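Chemist: Got start_6.cif for you, mmCIF, C-alpha atoms, pLDDT in the B column; chains and numbers go by the auth columns:
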```
data_start
loop_
_atom_site.group_PDB
_atom_site.id
_atom_site.type_symbol
_atom_site.label_atom_id
_atom_site.label_comp_id
_atom_site.label_asym_id
_atom_site.label_seq_id
_atom_site.Cartn_x
_atom_site.Cartn_y
_atom_site.Cartn_z
_atom_site.B_iso_or_equiv
_atom_site.auth_seq_id
_atom_site.auth_asym_id
ATOM 1 C CA MET A 1 0.000 0.000 0.000 82.00 114 A
ATOM 2 C CA LYS A 2 1.600 3.256 -0.995 90.00 115 A
ATOM 3 C CA ASN A 3 -0.446 5.359 1.451 92.00 116 A
ATOM 4 C CA PHE A 4 0.667 3.403 4.572 86.00 117 A
ATOM 5 C CA VAL A 5 2.705 5.577 6.965 88.00 118 A
ATOM 6 C CA GLN A 6 3.204 3.585 10.187 86.00 119 A
ATOM 7 C CA GLU A 7 1.483 1.113 12.503 86.00 120 A
ATOM 8 C CA GLY A 8 0.582 3.908 14.909 86.00 121 A
ATOM 9 C CA ARG A 9 1.347 2.126 18.177 92.00 122 A
ATOM 10 C CA THR A 10 3.855 4.877 18.947 94.00 123 A
ATOM 11 C CA VAL A 11 3.321 8.500 17.957 94.00 124 A
ATOM 12 C CA THR A 12 5.136 11.783 18.501 96.00 125 A
ATOM 13 C CA ALA A 13 3.494 14.242 20.900 96.00 126 A
ATOM 14 C CA THR A 14 4.479 17.403 22.755 97.00 127 A
ATOM 15 C CA ALA A 15 5.013 17.098 26.492 96.00 128 A
ATOM 16 C CA ALA A 16 2.671 19.456 28.366 93.00 129 A
ATOM 17 C CA ALA A 17 4.945 19.169 31.426 95.00 130 A
ATOM 18 C CA ASP A 18 8.232 17.468 32.283 97.00 131 A
ATOM 19 C CA ILE A 19 7.627 13.723 31.955 97.00 132 A
ATOM 20 C CA SER A 20 9.581 10.581 32.765 97.00 133 A
ATOM 21 C CA GLY A 21 9.759 7.564 30.508 97.00 134 A
ATOM 22 C CA GLY A 22 7.048 5.095 31.518 97.00 135 A
ATOM 23 C CA ALA A 23 4.669 7.789 32.795 97.00 136 A
ATOM 24 C CA GLY A 24 1.218 8.261 31.327 97.00 137 A
ATOM 25 C CA MET A 25 0.160 11.467 29.632 96.00 138 A
ATOM 26 C CA LEU A 26 -2.682 13.017 27.710 95.00 139 A
ATOM 27 C CA ALA A 27 -1.693 14.607 24.426 93.00 140 A
ATOM 28 C CA SER A 28 -4.814 16.617 23.651 88.00 141 A
ATOM 29 C CA GLY A 29 -7.251 13.823 22.755 86.00 142 A
ATOM 30 C CA LEU A 30 -4.861 10.863 22.916 93.00 143 A
ATOM 31 C CA PHE A 31 -3.500 9.003 25.957 96.00 144 A
ATOM 32 C CA GLY A 32 -0.145 7.271 25.864 96.00 145 A
ATOM 33 C CA VAL A 33 2.853 6.169 27.870 97.00 146 A
ATOM 34 C CA ALA A 34 6.054 8.174 27.390 98.00 147 A
ATOM 35 C CA CYS A 35 8.831 6.121 25.804 98.00 148 A
ATOM 36 C CA HIS A 36 11.550 8.391 27.246 98.00 149 A
ATOM 37 C CA ASP A 37 12.059 11.406 29.502 98.00 150 A
ATOM 38 C CA ALA A 38 11.094 14.765 28.016 98.00 151 A
ATOM 39 C CA LEU A 39 10.993 18.360 29.195 98.00 152 A
ATOM 40 C CA ASN A 40 7.906 20.540 29.028 97.00 153 A
ATOM 41 C CA GLY A 41 7.317 21.575 25.405 97.00 154 A
ATOM 42 C CA ALA A 42 9.683 18.967 23.948 98.00 155 A
ATOM 43 C CA GLU A 43 8.668 16.216 21.552 97.00 156 A
ATOM 44 C CA VAL A 44 8.169 12.817 23.154 98.00 157 A
ATOM 45 C CA GLU A 45 7.275 9.449 21.683 97.00 158 A
ATOM 46 C CA ILE A 46 4.237 7.937 23.373 97.00 159 A
ATOM 47 C CA GLN A 47 2.993 4.397 23.055 96.00 160 A
ATOM 48 C CA VAL A 48 -0.786 4.395 22.641 96.00 161 A
ATOM 49 C CA GLU A 49 -1.375 0.633 22.506 95.00 162 A
ATOM 50 C CA GLY A 50 -0.037 -2.223 24.575 96.00 163 A
ATOM 51 C CA VAL A 51 -0.027 -3.515 28.140 97.00 164 A
ATOM 52 C CA PHE A 52 1.634 -1.533 30.923 98.00 165 A
ATOM 53 C CA ASP A 53 1.929 -1.677 34.701 98.00 166 A
ATOM 54 C CA MET A 54 0.799 1.836 35.628 97.00 167 A
ATOM 55 C CA ASP A 55 0.743 3.886 38.837 97.00 168 A
ATOM 56 C CA LYS A 56 -2.743 3.697 40.356 96.00 169 A
ATOM 57 C CA ASP A 57 -4.701 5.983 42.620 92.00 170 A
ATOM 58 C CA THR A 58 -4.998 4.352 46.069 95.00 171 A
ATOM 59 C CA SER A 59 -8.035 6.245 47.356 91.00 172 A
ATOM 60 C CA VAL A 60 -11.442 4.748 48.121 90.00 173 A
ATOM 61 C CA GLY A 61 -13.263 3.943 44.872 82.00 174 A
ATOM 62 C CA SER A 62 -10.103 3.625 42.796 85.00 175 A
ATOM 63 C CA GLY A 63 -10.174 -0.178 42.571 89.00 176 A
ATOM 64 C CA VAL A 64 -10.998 -2.063 39.395 94.00 177 A
ATOM 65 C CA ALA A 65 -12.115 -5.569 38.487 96.00 178 A
ATOM 66 C CA ALA A 66 -10.244 -7.694 35.977 97.00 179 A
ATOM 67 C CA PHE A 67 -11.246 -6.470 32.504 97.00 180 A
ATOM 68 C CA GLY A 68 -12.950 -3.458 34.087 96.00 181 A
ATOM 69 C CA LYS A 69 -12.609 -0.030 32.512 95.00 182 A
ATOM 70 C CA VAL A 70 -9.783 2.174 33.764 96.00 183 A
ATOM 71 C CA TYR A 71 -9.496 5.943 33.600 94.00 184 A
ATOM 72 C CA TRP A 72 -6.718 8.526 33.697 95.00 185 A
ATOM 73 C CA ASP A 73 -6.844 11.115 36.477 95.00 186 A
ATOM 74 C CA ASP A 74 -4.871 13.884 34.782 95.00 187 A
ATOM 75 C CA THR A 75 -4.590 15.906 37.996 95.00 188 A
ATOM 76 C CA ALA A 76 -3.062 13.065 40.037 95.00 189 A
ATOM 77 C CA LYS A 77 -1.356 11.564 36.940 95.00 190 A
ATOM 78 C CA LYS A 78 -2.560 8.092 37.925 96.00 191 A
ATOM 79 C CA VAL A 79 -4.925 5.366 36.757 96.00 192 A
ATOM 80 C CA THR A 80 -8.207 4.979 38.618 94.00 193 A
ATOM 81 C CA GLY A 81 -11.438 3.017 38.477 93.00 194 A
ATOM 82 C CA GLU A 82 -13.388 6.253 39.003 91.00 195 A
ATOM 83 C CA ALA A 83 -14.991 7.509 35.795 92.00 196 A
ATOM 84 C CA THR A 84 -16.266 10.900 36.992 92.00 197 A
ATOM 85 C CA GLY A 85 -14.044 13.689 35.705 94.00 198 A
ATOM 86 C CA ASN A 86 -11.482 11.250 34.291 94.00 199 A
ATOM 87 C CA THR A 87 -10.564 9.933 30.828 94.00 200 A
ATOM 88 C CA LEU A 88 -11.191 6.341 29.705 95.00 201 A
ATOM 89 C CA ILE A 89 -7.849 4.812 28.639 96.00 202 A
ATOM 90 C CA GLY A 90 -8.434 1.042 28.526 96.00 203 A
ATOM 91 C CA VAL A 91 -9.091 -1.971 30.731 97.00 204 A
ATOM 92 C CA ALA A 92 -7.382 -3.580 33.704 97.00 205 A
ATOM 93 C CA LEU A 93 -6.063 -7.036 32.847 97.00 206 A
ATOM 94 C CA VAL A 94 -6.005 -8.040 36.512 97.00 207 A
ATOM 95 C CA ALA A 95 -8.074 -6.855 39.444 97.00 208 A
ATOM 96 C CA ALA A 96 -6.624 -4.055 41.591 96.00 209 A
ATOM 97 C CA ALA A 97 -7.992 -3.106 45.008 95.00 210 A
ATOM 98 C CA ASP A 98 -8.397 0.480 46.190 92.00 211 A
ATOM 99 C CA GLY A 99 -5.040 0.441 48.034 94.00 212 A
ATOM 100 C CA ASP A 100 -2.985 -1.190 45.265 96.00 213 A
ATOM 101 C CA VAL A 101 -0.280 1.167 43.934 97.00 214 A
ATOM 102 C CA THR A 102 -0.147 -0.276 40.407 97.00 215 A
ATOM 103 C CA VAL A 103 -2.526 -1.855 37.931 97.00 216 A
ATOM 104 C CA ARG A 104 -1.854 -3.747 34.693 98.00 217 A
ATOM 105 C CA VAL A 105 -3.561 -1.798 31.907 97.00 218 A
ATOM 106 C CA ARG A 106 -4.265 -2.624 28.277 97.00 219 A
ATOM 107 C CA LEU A 107 -4.457 0.747 26.543 96.00 220 A
ATOM 108 C CA ASN A 108 -7.351 1.137 24.117 90.00 221 A
ATOM 109 C CA GLY A 109 -5.369 3.331 21.707 84.00 222 A
ATOM 110 C CA VAL A 110 -8.316 5.509 20.697 79.00 223 A
ATOM 111 C CA SER A 111 -8.712 9.247 20.931 78.00 224 A
ATOM 112 C CA VAL A 112 -10.703 10.612 23.827 68.00 225 A
#
```
Before we go any further, please render this structure as structure tokens.
Modeler:
Amino acid sequence: MKNFVQEGRTVTATAAADISGGAGMLASGLFGVACHDALNGAEVEIQVEGVFDMDKDTSVGSGVAAFGKVYWDDTAKKVTGEATGNTLIGVALVAAADGDVTVRVRLNGVSV
């Protein structure tokens, strides 16, 4: 196909704040995991599909069931099971209780 550009699992975005490789970020309407460290305003490659162990909110109501929807809390910069005010990013592949500090997430790779 002569119009094929790339698979699209990793895309270039602009960091809205300093970010460390492995951290989640929203790039306008797309969520991804930074592939490397980047300073605010710099280009950063983000992976928008795949399975990642992500930092999780530990507050009451943040738990998720296996294959339950997970959301990005852009203020706390953590994954949560709480939908209100947060952005859907994928599903949890294993259950995570409220107090768990990480959750295994399969990113949905779609714009939000």
Chemist: Between A:Glu195, A:Asp150, A:Glu162, A:Asp131, which one has atoms that come closest to A:Val223, using all atoms listed in the file?
Modeler: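 When distances to A:Val223 are compared using all atoms listed in the file, the smallest one comes from A:Glu162.
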Chemist: Write out as a PyMOL selection string which residues come within 10 Å of stretch 165-178 of chain A when counting all atoms listed in the file, dropping same-chain ones fewer than 5 positions away.
Modeler: chain A and resi 135-137+146+160+183-186+189-196+204-220
Chemist: Report as a VMD selection string all protein, DNA and RNA residues lying within 12 Å of A:Gly145, evaluated on only C-alpha atoms, omitting residues in the same chain fewer than 3 positions from it.
Modeler: chain A and resid 121 to 128 132 134 to 142 148 to 149 157 to 165 167 185 190 200 to 203 218 to 225
Chemist: What does the distance between atom CA of A:Asn116 and atom CA of A:Ala147 come to in Å, to one decimal place?
Modeler: 26.9 Å
Chemist: If I take atom CA of A:Leu143 and atom CA of A:Lys115, how far is one from the other in Å, to one decimal?
Modeler: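 Between atom CA of A:Leu143 and atom CA of A:Lys115 the gap works out to 25.9 Å.
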Chemist: Report the distance between atom CA of A:Glu156 and atom CA of A:Ala129 in Å, rounded to one decimal place.
Modeler: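 Separation of atom CA of A:Glu156 and atom CA of A:Ala129: 9.6 Å.
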